[in-house]
Amino acid sequence: MPYHSNKQEAFQDAQRNLYETQNLYQDIVKDSANYGHQLKHLKQEINETYQQIENALEVASEHQKEQLESFQKDLKSIVDEVNEI
């Protein structure tokens with residue numbers, strides 16, 4: 001993952017990763033033959049998104065920090081739901 005010194009770029013990357021992760025989570029079909037593979041891919045995506053958010057937090061403005069912390073909560077909700085499956 002590239003380190004971003006540009007606040008806006010780092011924030012947008014974190015936001016884009018979160019949306020991709022949310023979409024991937026929504027696309028998983030629990031009884032699908034590919035479920036195991038999809039779940040593994042989702043977990044990888046979640047880890048990358050957490051890292052992206054952490055990188056963005058290092059350079060974020062106060063307003064961006066609030067949004068990034070909200071992203072972390074959204075991601076944690078996905079993790080919690082995946083762990084219940």
# chains A, B, ... in the order shown; residues from 1 in each chain; ligands from 1
>>> residues_around(residues="Thr49 of chain A", least_positions_apart="4", cutoff="10 Å", atoms="only C-alpha atoms", output="ChimeraX atom specification")
/A:13-21,43-45,53-55,71-72,75
>>> residues_around(residues="Lys7 of chain A", least_positions_apart="5", cutoff="12 Å", atoms="only C-alpha atoms", output="list in words")
Gln12, Asp13, Ala14, Ile53, Asn55, Ala56, Leu57, Glu58, Val59, Ala60, Ser61, Glu62, His63, Gln64, Lys65 and Leu68 of chain A
>>> atom_distance(atom1="atom CA of Gln38 of chain A", atom2="atom CA of Gln52 of chain A")
20.7 Å
